[in-house]
file work-v6.pdb (PDB, C-alpha atoms)
MODEL        1
ATOM      1  CA  MET S   1       0.000   0.000   0.000
ATOM      2  CA  VAL S   2       1.270   3.430  -1.002
ATOM      3  CA  ARG S   3       0.537   6.455   1.194
ATOM      4  CA  ALA S   4      -0.025   9.263  -1.265
ATOM      5  CA  LEU S   5      -0.836  12.950  -1.087
ATOM      6  CA  VAL S   6      -2.661  14.129  -4.220
ATOM      7  CA  THR S   7      -3.148  17.863  -4.685
ATOM      8  CA  GLY S   8      -5.989  19.015  -6.909
ATOM      9  CA  ALA S   9      -7.917  15.869  -5.978
ATOM     10  CA  ALA S  10     -11.248  17.395  -7.034
ATOM     11  CA  GLY S  11      -9.800  18.461 -10.378
ATOM     12  CA  PHE S  12     -10.089  16.545 -13.630
ATOM     13  CA  ILE S  13      -6.820  14.591 -13.558
ATOM     14  CA  GLY S  14      -6.583  14.525  -9.758
ATOM     15  CA  PHE S  15     -10.032  12.943  -9.457
ATOM     16  CA  HIS S  16      -9.256  10.167 -11.934
ATOM     17  CA  LEU S  17      -5.835   9.470 -10.398
ATOM     18  CA  THR S  18      -7.188   9.378  -6.838
ATOM     19  CA  LYS S  19      -9.981   7.018  -7.884
ATOM     20  CA  ARG S  20      -7.453   4.702  -9.509
ATOM     21  CA  LEU S  21      -5.138   4.712  -6.471
ATOM     22  CA  LEU S  22      -7.993   3.993  -4.050
ATOM     23  CA  GLU S  23      -9.234   1.142  -6.229
ATOM     24  CA  ARG S  24      -5.837  -0.532  -6.077
ATOM     25  CA  GLY S  25      -5.789  -0.220  -2.269
ATOM     26  CA  ASP S  26      -3.614   2.821  -1.675
ATOM     27  CA  ASP S  27      -4.203   5.323   1.122
ATOM     28  CA  VAL S  28      -4.820   8.779  -0.355
ATOM     29  CA  THR S  29      -4.948  12.192   1.265
ATOM     30  CA  GLY S  30      -6.487  14.633  -1.181
ATOM     31  CA  ILE S  31      -6.418  18.404  -1.068
ATOM     32  CA  ASP S  32      -8.197  20.983  -3.224
ATOM     33  CA  ASN S  33      -9.318  24.576  -2.696
ATOM     34  CA  LEU S  34     -12.481  24.086  -4.819
ATOM     35  CA  ASN S  35     -11.989  27.491  -6.432
ATOM     36  CA  SER S  36     -14.458  28.995  -8.876
ATOM     37  CA  TYR S  37     -12.250  29.019 -12.003
ATOM     38  CA  TYR S  38     -14.900  26.668 -13.385
ATOM     39  CA  ASP S  39     -18.134  25.084 -12.086
ATOM     40  CA  VAL S  40     -17.595  24.247  -8.411
ATOM     41  CA  ASN S  41     -20.534  21.817  -8.524
ATOM     42  CA  LEU S  42     -18.616  19.654 -10.994
ATOM     43  CA  LYS S  43     -15.668  19.557  -8.580
ATOM     44  CA  LYS S  44     -17.994  18.678  -5.697
ATOM     45  CA  ALA S  45     -19.587  15.902  -7.763
ATOM     46  CA  ARG S  46     -16.149  14.405  -8.430
ATOM     47  CA  LEU S  47     -15.321  14.700  -4.741
ATOM     48  CA  SER S  48     -18.531  12.946  -3.709
ATOM     49  CA  GLN S  49     -17.444   9.950  -5.805
ATOM     50  CA  LEU S  50     -14.131   9.782  -3.950
ATOM     51  CA  GLU S  51     -15.559  10.232  -0.473
ATOM     52  CA  LYS S  52     -17.524   7.003  -0.873
ATOM     53  CA  LYS S  53     -14.289   5.035  -1.084
ATOM     54  CA  GLU S  54     -12.278   3.590   1.788
ATOM     55  CA  GLY S  55      -8.829   5.038   2.404
ATOM     56  CA  PHE S  56      -9.591   8.608   1.294
ATOM     57  CA  THR S  57      -9.111  11.710   3.437
ATOM     58  CA  PHE S  58      -9.908  15.176   2.104
ATOM     59  CA  HIS S  59      -8.800  18.671   3.135
ATOM     60  CA  LYS S  60     -10.130  21.859   1.579
ATOM     61  CA  VAL S  61      -6.924  23.879   1.444
ATOM     62  CA  ASN S  62      -5.287  26.486  -0.745
ATOM     63  CA  LEU S  63      -1.825  25.352  -1.834
ATOM     64  CA  ALA S  64      -0.476  28.840  -1.079
ATOM     65  CA  ASP S  65      -1.603  28.619   2.579
ATOM     66  CA  LYS S  66       1.765  27.840   4.175
ATOM     67  CA  GLU S  67       0.492  26.983   7.676
ATOM     68  CA  SER S  68      -2.286  24.685   6.430
ATOM     69  CA  MET S  69       0.093  22.879   4.090
ATOM     70  CA  GLU S  70       2.590  22.360   6.915
ATOM     71  CA  SER S  71      -0.222  20.943   9.057
ATOM     72  CA  ILE S  72      -1.248  18.446   6.369
ATOM     73  CA  PHE S  73       2.315  17.218   5.911
ATOM     74  CA  SER S  74       2.886  16.909   9.666
ATOM     75  CA  SER S  75      -0.442  15.272  10.515
ATOM     76  CA  GLY S  76      -0.286  12.930   7.533
ATOM     77  CA  GLY S  77       2.966  11.398   8.665
ATOM     78  CA  ASN S  78       5.525  10.619   6.007
ATOM     79  CA  PHE S  79       3.888  10.267   2.611
ATOM     80  CA  ASP S  80       5.571   7.793   0.285
ATOM     81  CA  VAL S  81       4.743   9.927  -2.720
ATOM     82  CA  VAL S  82       3.275  13.361  -3.379
ATOM     83  CA  VAL S  83       1.536  13.981  -6.712
ATOM     84  CA  ASN S  84       1.062  17.692  -7.335
ATOM     85  CA  LEU S  85      -1.765  18.228  -9.817
ATOM     86  CA  ALA S  86      -3.162  21.400  -8.264
ATOM     87  CA  ALA S  87      -2.496  24.478 -10.362
ATOM     88  CA  GLN S  88      -4.137  27.477 -11.874
ATOM     89  CA  ALA S  89      -4.695  26.119 -15.357
ATOM     90  CA  GLY S  90      -5.425  27.769 -18.677
ATOM     91  CA  VAL S  91      -3.278  29.692 -21.149
ATOM     92  CA  ARG S  92      -5.851  32.371 -21.973
ATOM     93  CA  TYR S  93      -6.892  33.012 -18.361
ATOM     94  CA  SER S  94      -3.280  33.855 -17.512
ATOM     95  CA  ILE S  95      -3.684  37.017 -19.578
ATOM     96  CA  GLU S  96      -6.680  38.129 -17.503
ATOM     97  CA  ASN S  97      -5.566  37.078 -14.019
ATOM     98  CA  PRO S  98      -1.774  36.633 -13.831
ATOM     99  CA  TYR S  99      -1.606  36.858 -10.037
ATOM    100  CA  ALA S 100      -3.611  33.632  -9.655
ATOM    101  CA  TYR S 101      -0.741  31.819 -11.384
ATOM    102  CA  ASN S 102       1.845  33.259  -9.038
ATOM    103  CA  GLU S 103      -0.165  32.210  -5.989
ATOM    104  CA  SER S 104      -0.985  28.643  -6.996
ATOM    105  CA  ASN S 105       1.746  27.619  -9.425
ATOM    106  CA  LEU S 106       4.723  29.306  -7.758
ATOM    107  CA  SER S 107       4.002  30.020  -4.078
ATOM    108  CA  GLY S 108       1.844  26.910  -3.802
ATOM    109  CA  PHE S 109       4.458  24.725  -5.467
ATOM    110  CA  LEU S 110       7.118  26.066  -3.107
ATOM    111  CA  ASN S 111       4.964  24.926  -0.177
ATOM    112  CA  ILE S 112       4.810  21.462  -1.746
ATOM    113  CA  LEU S 113       8.585  21.357  -2.106
ATOM    114  CA  GLU S 114       9.097  22.503   1.475
ATOM    115  CA  GLY S 115       6.658  19.889   2.771
ATOM    116  CA  CYS S 116       8.452  17.155   0.842
ATOM    117  CA  ARG S 117      11.803  18.399   2.118
ATOM    118  CA  HIS S 118      10.943  18.585   5.814
ATOM    119  CA  PHE S 119       8.817  15.436   6.009
ATOM    120  CA  LYS S 120      11.132  13.157   4.030
ATOM    121  CA  VAL S 121       8.862  12.362   1.099
ATOM    122  CA  LYS S 122      10.438   9.657  -1.047
ATOM    123  CA  HIS S 123       9.176  10.829  -4.444
ATOM    124  CA  LEU S 124       7.536  13.984  -5.757
ATOM    125  CA  VAL S 125       5.626  13.695  -9.032
ATOM    126  CA  PHE S 126       4.376  16.992 -10.412
ATOM    127  CA  ALA S 127       2.352  18.190 -13.373
ATOM    128  CA  SER S 128       4.140  20.273 -15.934
ATOM    129  CA  SER S 129       2.616  20.968 -19.350
ATOM    130  CA  SER S 130       3.195  20.694 -23.082
ATOM    131  CA  SER S 131       2.861  24.499 -23.009
ATOM    132  CA  VAL S 132       6.501  24.747 -21.902
ATOM    133  CA  TYR S 133       7.574  23.975 -25.491
ATOM    134  CA  GLY S 134       6.351  27.469 -26.407
ATOM    135  CA  ALA S 135       7.995  28.769 -29.571
ATOM    136  CA  ASN S 136       9.645  25.413 -30.395
ATOM    137  CA  THR S 137       8.747  24.124 -33.863
ATOM    138  CA  LYS S 138      10.802  20.907 -34.173
ATOM    139  CA  MET S 139       8.331  18.022 -33.996
ATOM    140  CA  PRO S 140       7.693  15.864 -32.099
ATOM    141  CA  PHE S 141       8.478  17.763 -28.908
ATOM    142  CA  SER S 142      11.184  15.947 -26.942
ATOM    143  CA  VAL S 143      12.183  16.281 -23.292
ATOM    144  CA  GLN S 144      15.732  16.586 -24.623
ATOM    145  CA  ASP S 145      14.780  19.890 -26.313
ATOM    146  CA  ASN S 146      15.518  23.293 -24.798
ATOM    147  CA  VAL S 147      12.315  24.947 -23.516
ATOM    148  CA  ASP S 148      13.393  28.498 -22.744
ATOM    149  CA  HIS S 149      10.870  30.356 -24.911
ATOM    150  CA  PRO S 150       7.393  30.079 -23.324
ATOM    151  CA  LEU S 151       4.475  31.953 -24.916
ATOM    152  CA  SER S 152       2.247  32.410 -21.858
ATOM    153  CA  LEU S 153       2.626  33.083 -18.161
ATOM    154  CA  TYR S 154       1.023  29.690 -17.488
ATOM    155  CA  ALA S 155       3.788  28.002 -19.487
ATOM    156  CA  ALA S 156       6.441  30.048 -17.703
ATOM    157  CA  THR S 157       5.160  28.927 -14.288
ATOM    158  CA  LYS S 158       5.280  25.300 -15.384
ATOM    159  CA  LYS S 159       8.848  25.708 -16.596
ATOM    160  CA  ALA S 160       9.621  27.361 -13.246
ATOM    161  CA  ASN S 161       8.228  24.302 -11.444
ATOM    162  CA  GLU S 162      10.689  22.088 -13.301
ATOM    163  CA  LEU S 163      13.594  24.342 -12.295
ATOM    164  CA  MET S 164      12.452  24.624  -8.665
ATOM    165  CA  ALA S 165      12.079  20.845  -8.412
ATOM    166  CA  HIS S 166      15.592  20.267  -9.748
ATOM    167  CA  THR S 167      16.961  22.704  -7.187
ATOM    168  CA  TYR S 168      15.314  20.806  -4.312
ATOM    169  CA  CYS S 169      16.577  17.542  -5.782
ATOM    170  CA  HIS S 170      20.119  18.973  -5.736
ATOM    171  CA  MET S 171      19.985  20.596  -2.305
ATOM    172  CA  PHE S 172      17.904  18.091  -0.360
ATOM    173  CA  GLY S 173      17.989  14.817  -2.305
ATOM    174  CA  LEU S 174      14.275  14.925  -3.168
ATOM    175  CA  ALA S 175      13.600  12.475  -6.005
ATOM    176  CA  THR S 176      11.409  14.349  -8.464
ATOM    177  CA  THR S 177       9.582  13.533 -11.699
ATOM    178  CA  GLY S 178       7.911  16.154 -13.854
ATOM    179  CA  LEU S 179       5.173  15.195 -16.320
ATOM    180  CA  ARG S 180       4.392  17.298 -19.368
ATOM    181  CA  PHE S 181       0.763  16.539 -20.182
ATOM    182  CA  PHE S 182      -0.579  17.008 -23.708
ATOM    183  CA  THR S 183      -4.223  18.221 -24.127
ATOM    184  CA  VAL S 184      -5.976  15.891 -21.704
ATOM    185  CA  TYR S 185      -9.634  15.056 -22.354
ATOM    186  CA  GLY S 186     -12.299  12.570 -21.275
ATOM    187  CA  PRO S 187     -15.234  12.046 -18.884
ATOM    188  CA  TRP S 188     -15.450  14.493 -15.963
ATOM    189  CA  GLY S 189     -13.299  16.880 -18.011
ATOM    190  CA  ARG S 190     -12.814  20.611 -17.546
ATOM    191  CA  PRO S 191     -15.529  22.943 -18.871
ATOM    192  CA  ASP S 192     -12.893  25.395 -20.157
ATOM    193  CA  MET S 193     -11.417  22.819 -22.546
ATOM    194  CA  ALA S 194     -12.332  22.559 -26.232
ATOM    195  CA  LEU S 195     -14.157  19.207 -26.086
ATOM    196  CA  PHE S 196     -16.463  20.375 -23.293
ATOM    197  CA  ILE S 197     -17.061  23.795 -24.899
ATOM    198  CA  PHE S 198     -17.787  22.307 -28.326
ATOM    199  CA  THR S 199     -20.087  19.559 -27.040
ATOM    200  CA  LYS S 200     -22.118  21.980 -24.939
ATOM    201  CA  ALA S 201     -22.465  24.529 -27.748
ATOM    202  CA  ILE S 202     -23.430  21.985 -30.419
ATOM    203  CA  LEU S 203     -26.129  20.465 -28.218
ATOM    204  CA  GLU S 204     -27.459  23.960 -27.454
ATOM    205  CA  ASP S 205     -27.454  24.972 -31.160
ATOM    206  CA  LYS S 206     -24.861  27.663 -30.505
ATOM    207  CA  PRO S 207     -21.792  28.434 -32.660
ATOM    208  CA  ILE S 208     -18.455  27.008 -31.576
ATOM    209  CA  PRO S 209     -15.376  29.285 -31.488
ATOM    210  CA  ILE S 210     -12.594  27.989 -33.740
ATOM    211  CA  PHE S 211      -9.370  29.899 -33.178
ATOM    212  CA  ASN S 212      -6.621  30.412 -35.743
ATOM    213  CA  HIS S 213      -9.310  29.635 -38.323
ATOM    214  CA  GLY S 214      -9.018  25.950 -37.454
ATOM    215  CA  LYS S 215      -5.333  25.705 -38.347
ATOM    216  CA  LEU S 216      -4.370  23.972 -35.110
ATOM    217  CA  LYS S 217      -3.124  20.489 -34.276
ATOM    218  CA  ARG S 218      -3.231  18.978 -30.794
ATOM    219  CA  ASP S 219      -1.895  15.749 -29.339
ATOM    220  CA  PHE S 220      -5.211  14.905 -27.632
ATOM    221  CA  THR S 221      -4.514  12.450 -24.800
ATOM    222  CA  TYR S 222      -7.268  10.428 -23.146
ATOM    223  CA  ILE S 223      -7.540  10.652 -19.366
ATOM    224  CA  ASP S 224      -7.070   6.916 -18.738
ATOM    225  CA  ASP S 225      -3.744   7.052 -20.589
ATOM    226  CA  ILE S 226      -2.656  10.039 -18.514
ATOM    227  CA  VAL S 227      -3.524   8.216 -15.274
ATOM    228  CA  GLU S 228      -1.763   5.031 -16.370
ATOM    229  CA  GLY S 229       1.345   7.074 -17.123
ATOM    230  CA  ILE S 230       1.228   8.822 -13.738
ATOM    231  CA  VAL S 231       0.790   5.572 -11.808
ATOM    232  CA  ARG S 232       3.672   3.878 -13.597
ATOM    233  CA  VAL S 233       5.939   6.858 -12.972
ATOM    234  CA  MET S 234       4.863   7.016  -9.298
ATOM    235  CA  ASP S 235       5.954   3.407  -8.908
ATOM    236  CA  HIS S 236       9.235   4.038 -10.732
ATOM    237  CA  PRO S 237      11.257   6.732  -8.898
ATOM    238  CA  PRO S 238      13.839   8.446 -11.110
ATOM    239  CA  GLN S 239      17.463   7.415 -11.141
ATOM    240  CA  PRO S 240      20.491   9.601 -11.880
ATOM    241  CA  ASN S 241      21.507   9.561 -15.534
ATOM    242  CA  PRO S 242      25.090   8.191 -15.559
ATOM    243  CA  SER S 243      25.764   9.712 -18.992
ATOM    244  CA  TRP S 244      24.601  13.225 -18.032
ATOM    245  CA  SER S 245      27.259  15.839 -18.739
ATOM    246  CA  GLY S 246      27.536  19.416 -17.578
ATOM    247  CA  GLU S 247      29.341  20.237 -20.827
ATOM    248  CA  LYS S 248      26.342  19.149 -22.883
ATOM    249  CA  PRO S 249      23.442  18.984 -20.397
ATOM    250  CA  ASP S 250      20.365  16.916 -21.196
ATOM    251  CA  PRO S 251      17.319  19.036 -20.182
ATOM    252  CA  GLY S 252      15.141  15.970 -19.542
ATOM    253  CA  SER S 253      17.336  14.234 -16.958
ATOM    254  CA  SER S 254      20.137  14.948 -14.489
ATOM    255  CA  TYR S 255      23.094  13.629 -12.537
ATOM    256  CA  LEU S 256      20.463  13.581  -9.773
ATOM    257  CA  PRO S 257      17.306  11.451  -9.289
ATOM    258  CA  TYR S 258      15.326  13.867 -11.490
ATOM    259  CA  LYS S 259      13.424  13.163 -14.711
ATOM    260  CA  ILE S 260      10.988  14.837 -17.078
ATOM    261  CA  TYR S 261       8.530  12.845 -19.218
ATOM    262  CA  ASN S 262       6.058  13.728 -21.921
ATOM    263  CA  ILE S 263       2.699  11.995 -21.595
ATOM    264  CA  GLY S 264       0.931  12.462 -24.903
ATOM    265  CA  ASN S 265      -0.818  10.351 -27.508
ATOM    266  CA  ASN S 266       2.099  10.720 -29.965
ATOM    267  CA  SER S 267      -0.515  11.298 -32.680
ATOM    268  CA  PRO S 268      -1.536  14.939 -33.300
ATOM    269  CA  VAL S 269      -5.015  15.558 -34.698
ATOM    270  CA  HIS S 270      -6.160  18.541 -36.767
ATOM    271  CA  LEU S 271      -8.711  20.587 -34.858
ATOM    272  CA  MET S 272     -11.219  20.341 -37.718
ATOM    273  CA  ASP S 273     -10.902  16.521 -37.681
ATOM    274  CA  PHE S 274     -11.445  16.548 -33.912
ATOM    275  CA  ILE S 275     -14.609  18.604 -34.377
ATOM    276  CA  LYS S 276     -15.820  16.109 -37.009
ATOM    277  CA  VAL S 277     -15.443  13.302 -34.456
ATOM    278  CA  ILE S 278     -17.504  15.280 -31.931
ATOM    279  CA  GLU S 279     -20.186  15.913 -34.574
ATOM    280  CA  ASP S 280     -20.306  12.206 -35.436
ATOM    281  CA  CYS S 281     -20.636  11.205 -31.779
ATOM    282  CA  LEU S 282     -23.415  13.757 -31.201
ATOM    283  CA  GLY S 283     -25.154  13.058 -34.497
ATOM    284  CA  LYS S 284     -25.303  16.794 -35.050
ATOM    285  CA  LYS S 285     -23.397  19.376 -37.097
ATOM    286  CA  ALA S 286     -21.668  22.336 -35.480
ATOM    287  CA  GLU S 287     -22.210  25.944 -36.424
ATOM    288  CA  LYS S 288     -18.661  27.215 -36.754
ATOM    289  CA  ASN S 289     -17.342  30.668 -35.875
ATOM    290  CA  PHE S 290     -13.814  31.024 -37.264
ATOM    291  CA  LEU S 291     -11.640  33.429 -35.285
ATOM    292  CA  PRO S 292      -8.016  34.675 -35.270
ATOM    293  CA  ALA S 293      -5.356  33.007 -33.149
ATOM    294  CA  GLN S 294      -5.434  33.738 -29.418
ATOM    295  CA  PRO S 295      -2.402  35.230 -27.642
ATOM    296  CA  GLY S 296      -0.346  32.470 -26.005
ATOM    297  CA  ASP S 297      -1.671  29.652 -28.188
ATOM    298  CA  VAL S 298       0.743  27.423 -30.095
ATOM    299  CA  GLU S 299      -0.119  26.098 -33.539
ATOM    300  CA  ALA S 300       0.684  22.448 -32.896
ATOM    301  CA  THR S 301       1.629  19.994 -30.156
ATOM    302  CA  TYR S 302       3.131  16.546 -30.685
ATOM    303  CA  ALA S 303       4.710  14.433 -27.934
ATOM    304  CA  ASN S 304       7.810  12.304 -28.257
ATOM    305  CA  VAL S 305       7.213   9.583 -25.639
ATOM    306  CA  GLU S 306      10.301   7.418 -26.218
ATOM    307  CA  ASP S 307      11.617   7.989 -22.674
ATOM    308  CA  LEU S 308       8.260   7.007 -21.150
ATOM    309  CA  ILE S 309       8.175   3.801 -23.211
ATOM    310  CA  ARG S 310      11.786   2.948 -22.357
ATOM    311  CA  ASP S 311      11.557   3.595 -18.620
ATOM    312  CA  VAL S 312       8.053   2.471 -17.631
ATOM    313  CA  GLY S 313       6.914   0.410 -20.631
ATOM    314  CA  PHE S 314       3.860   2.488 -21.503
ATOM    315  CA  LYS S 315       2.664   4.407 -24.557
ATOM    316  CA  PRO S 316      -0.655   6.291 -24.619
ATOM    317  CA  SER S 317      -2.738   4.990 -27.510
ATOM    318  CA  THR S 318      -6.471   5.682 -27.077
ATOM    319  CA  PRO S 319      -7.810   7.027 -30.409
ATOM    320  CA  VAL S 320      -9.877  10.211 -30.308
ATOM    321  CA  GLU S 321     -12.872   8.348 -31.750
ATOM    322  CA  THR S 322     -12.952   6.152 -28.642
ATOM    323  CA  GLY S 323     -12.176   8.892 -26.139
ATOM    324  CA  VAL S 324     -14.664  11.432 -27.511
ATOM    325  CA  LYS S 325     -17.425   8.810 -27.601
ATOM    326  CA  ARG S 326     -16.832   8.056 -23.906
ATOM    327  CA  PHE S 327     -16.873  11.761 -23.060
ATOM    328  CA  VAL S 328     -20.137  12.342 -24.921
ATOM    329  CA  GLN S 329     -21.731   9.373 -23.141
ATOM    330  CA  TRP S 330     -20.646  10.811 -19.781
ATOM    331  CA  TYR S 331     -21.794  14.330 -20.717
ATOM    332  CA  ARG S 332     -25.280  13.161 -21.705
ATOM    333  CA  SER S 333     -25.568  11.117 -18.509
ATOM    334  CA  TYR S 334     -24.239  13.808 -16.160
ATOM    335  CA  TYR S 335     -26.447  16.562 -17.598
ATOM    336  CA  ASN S 336     -29.441  14.275 -18.241
ATOM    337  CA  ILE S 337     -29.483  14.966 -21.981
TER     338      ILE S 337
ENDMDL
END

call {"tool": "encode", "arguments": {"input": "work-v6.pdb", "output": "structure tokens"}}
result
Amino acid sequence: MVRALVTGAAGFIGFHLTKRLLERGDDVTGIDNLNSYYDVNLKKARLSQLEKKEGFTFHKVNLADKESMESIFSSGGNFDVVVNLAAQAGVRYSIENPYAYNESNLSGFLNILEGCRHFKVKHLVFASSSSVYGANTKMPFSVQDNVDHPLSLYAATKKANELMAHTYCHMFGLATTGLRFFTVYGPWGRPDMALFIFTKAILEDKPIPIFNHGKLKRDFTYIDDIVEGIVRVMDHPPQPNPSWSGEKPDPGSSYLPYKIYNIGNNSPVHLMDFIKVIEDCLGKKAEKNFLPAQPGDVEATYANVEDLIRDVGFKPSTPVETGVKRFVQWYRSYYNI
């Protein structure tokens, strides 16, 4: 049995991960601040599913609340693993409310690092993002690539998390693994994501916003694949890379127990093809509103997952036709449509 702390437990990925860990018999302490960035009732509905399961303890806490975070680490004893999935998400929202990203993604992450340091956590796994690739154009995106040109504050905070984690690995021996997620979707998903927005609008006979006039490609990754990747990485703490060199440093590994992985479907899909899949699953055509590109958006994402395959023997592979169908089934059931 693993004793895990999962932050963002009422969030999309955190909910699915916590459910999976509880089902395999782990003991999970979950924290979430249940903020109003999107529908709080959806977060509470996820949480109600978890609270029915044995081995789950929940705390409503803001990651940036230093005293409360210290209390959770001290009262929880020594966690075997901490999985930090709590963050202020969204590229576009970072333009409107930049201070929310500082509070959650920087100050909050520092509290996680300090808790792991002082209470001897064996392994910290934390969510990064494909957004860190920013202005990079060489495809597929590899963890061996330099990622020093972010295009949004959100991306910059995620890059900062990777740097902060490496520092704590160096200074305090904290084994850390960062996971760059690529466009996660599926049942219980976030209402601010394209699949949710498009499905809702099509069913309500409203136009869907299509940015960059549809000239976008995304490596859509189904939630079950994301969770499988997280669990395998949790159970496989990073090892120092014996071939790492300070003369030619590999950005994705270290001379320390520190590693970065992409978790993506390794199969980018044109946005217009993705919309066609949604239309097919709904049995209904979308009214399309073509718009210019949004500040901070990248034109394409595409994950190189060779390191993930090599180290933990897993490659995400759920096709969008399967994943979108499952989301639509959940959406109709949840909203009684």

call {"tool": "atom_distance", "arguments": {"input": "work-v6.pdb", "atom1": "atom CA of S:Asp148", "atom2": "atom CA of S:Arg190"}}
result
27.9 Å

call {"tool": "closest_residue", "arguments": {"input": "work-v6.pdb", "among": "S:Ser152, S:Thr199, S:Ser129, S:Ser317", "to": "S:Glu279", "atoms": "all atoms listed in the file"}}
result
S:Thr199

call {"tool": "resolve_selection", "arguments": {"input": "work-v6.pdb", "expression": "the PyMOL selection byres ((chain S and resi 73) around 12)", "output": "JSON, numbers by chain"}}
result
{"S": [3, 4, 5, 6, 7, 29, 30, 31, 59, 63, 66, 67, 68, 69, 70, 71, 72, 74, 75, 76, 77, 78, 79, 80, 81, 82, 111, 112, 113, 114, 115, 116, 117, 118, 119, 120, 121]}

call {"tool": "closest_residue", "arguments": {"input": "work-v6.pdb", "among": "S:Phe290, S:Tyr37, S:Phe126, S:Tyr101", "to": "S:Met164", "atoms": "only C-alpha atoms"}}
result
S:Phe126

call {"tool": "resolve_selection", "arguments": {"input": "work-v6.pdb", "expression": "the PyMOL selection byres ((chain S and resi 332) around 12)", "output": "PyMOL selection string"}}
result
chain S and resi 187-188+196+199-200+203+281-282+325-331+333-337

call {"tool": "atom_distance", "arguments": {"input": "work-v6.pdb", "atom1": "atom CA of S:Asn35", "atom2": "atom CA of S:Ala9"}}
result
12.3 Å

call {"tool": "residues_around", "arguments": {"input": "work-v6.pdb", "residues": "stretch 85-99 of chain S", "least_positions_apart": "5", "cutoff": "9 Å", "atoms": "only C-alpha atoms", "output": "MDAnalysis selection string"}}
result
chainID S and resid 6:9 11 13:14 31:33 37 63 104:105 108:109 125:128 131 151:155 192:193 294:297

call {"tool": "atom_distance", "arguments": {"input": "work-v6.pdb", "atom1": "atom CA of S:Val2", "atom2": "atom CA of S:Asp27"}}
result
6.2 Å

call {"tool": "resolve_selection", "arguments": {"input": "work-v6.pdb", "expression": "the PyMOL selection byres ((chain S and resi 287) around 7)", "output": "list in words"}}
result
Lys206, Pro207, Ile208, Lys285, Ala286, Lys288 and Asn289 of chain S

call {"tool": "write_last_selection", "arguments": {"input": "work-v6.pdb", "atoms": "C-alpha atoms", "output": "PDB file, in the frame of the given file"}}
result
ATOM      1  CA  LYS S 206     -24.861  27.663 -30.505  1.00  0.00           C
ATOM      2  CA  PRO S 207     -21.792  28.434 -32.660  1.00  0.00           C
ATOM      3  CA  ILE S 208     -18.455  27.008 -31.576  1.00  0.00           C
ATOM      4  CA  LYS S 285     -23.397  19.376 -37.097  1.00  0.00           C
ATOM      5  CA  ALA S 286     -21.668  22.336 -35.480  1.00  0.00           C
ATOM      6  CA  LYS S 288     -18.661  27.215 -36.754  1.00  0.00           C
ATOM      7  CA  ASN S 289     -17.342  30.668 -35.875  1.00  0.00           C
TER       8      ASN S 289
END

call {"tool": "residues_near_point", "arguments": {"input": "work-v6.pdb", "point": "(10.0, 12.3, -12.7)", "cutoff": "6 Å", "atoms": "only C-alpha atoms", "output": "list in words"}}
result
Val125, Thr176, Thr177, Gly178, Pro238, Tyr258, Lys259 and Ile260 of chain S

call {"tool": "closest_residue", "arguments": {"input": "work-v6.pdb", "among": "S:Val61, S:Leu110, S:Ala156, S:Val233", "to": "S:Leu34", "atoms": "only C-alpha atoms"}}
result
S:Val61

call {"tool": "residues_around", "arguments": {"input": "work-v6.pdb", "residues": "S:Lys52", "least_positions_apart": "6", "cutoff": "12 Å", "atoms": "only C-alpha atoms", "output": "NGL selection string"}}
result
:S and (19 or 22-23 or 45-46 or 58)

call {"tool": "decode", "arguments": {"input": "work-v6.pdb", "residues": "stretch 101-128 of chain S", "atoms": "C-alpha atoms", "output": "PDB file, in the first residue's frame"}}
result
ATOM      1  CA  TYR S 101      -0.741  31.819 -11.384  1.00  0.00           C
ATOM      2  CA  ASN S 102       1.845  33.259  -9.038  1.00  0.00           C
ATOM      3  CA  GLU S 103      -0.165  32.210  -5.989  1.00  0.00           C
ATOM      4  CA  SER S 104      -0.985  28.643  -6.996  1.00  0.00           C
ATOM      5  CA  ASN S 105       1.746  27.619  -9.425  1.00  0.00           C
ATOM      6  CA  LEU S 106       4.723  29.306  -7.758  1.00  0.00           C
ATOM      7  CA  SER S 107       4.002  30.020  -4.078  1.00  0.00           C
ATOM      8  CA  GLY S 108       1.844  26.910  -3.802  1.00  0.00           C
ATOM      9  CA  PHE S 109       4.458  24.725  -5.467  1.00  0.00           C
ATOM     10  CA  LEU S 110       7.118  26.066  -3.107  1.00  0.00           C
ATOM     11  CA  ASN S 111       4.964  24.926  -0.177  1.00  0.00           C
ATOM     12  CA  ILE S 112       4.810  21.462  -1.746  1.00  0.00           C
ATOM     13  CA  LEU S 113       8.585  21.357  -2.106  1.00  0.00           C
ATOM     14  CA  GLU S 114       9.097  22.503   1.475  1.00  0.00           C
ATOM     15  CA  GLY S 115       6.658  19.889   2.771  1.00  0.00           C
ATOM     16  CA  CYS S 116       8.452  17.155   0.842  1.00  0.00           C
ATOM     17  CA  ARG S 117      11.803  18.399   2.118  1.00  0.00           C
ATOM     18  CA  HIS S 118      10.943  18.585   5.814  1.00  0.00           C
ATOM     19  CA  PHE S 119       8.817  15.436   6.009  1.00  0.00           C
ATOM     20  CA  LYS S 120      11.132  13.157   4.030  1.00  0.00           C
ATOM     21  CA  VAL S 121       8.862  12.362   1.099  1.00  0.00           C
ATOM     22  CA  LYS S 122      10.438   9.657  -1.047  1.00  0.00           C
ATOM     23  CA  HIS S 123       9.176  10.829  -4.444  1.00  0.00           C
ATOM     24  CA  LEU S 124       7.536  13.984  -5.757  1.00  0.00           C
ATOM     25  CA  VAL S 125       5.626  13.695  -9.032  1.00  0.00           C
ATOM     26  CA  PHE S 126       4.376  16.992 -10.412  1.00  0.00           C
ATOM     27  CA  ALA S 127       2.352  18.190 -13.373  1.00  0.00           C
ATOM     28  CA  SER S 128       4.140  20.273 -15.934  1.00  0.00           C
TER      29      SER S 128
END
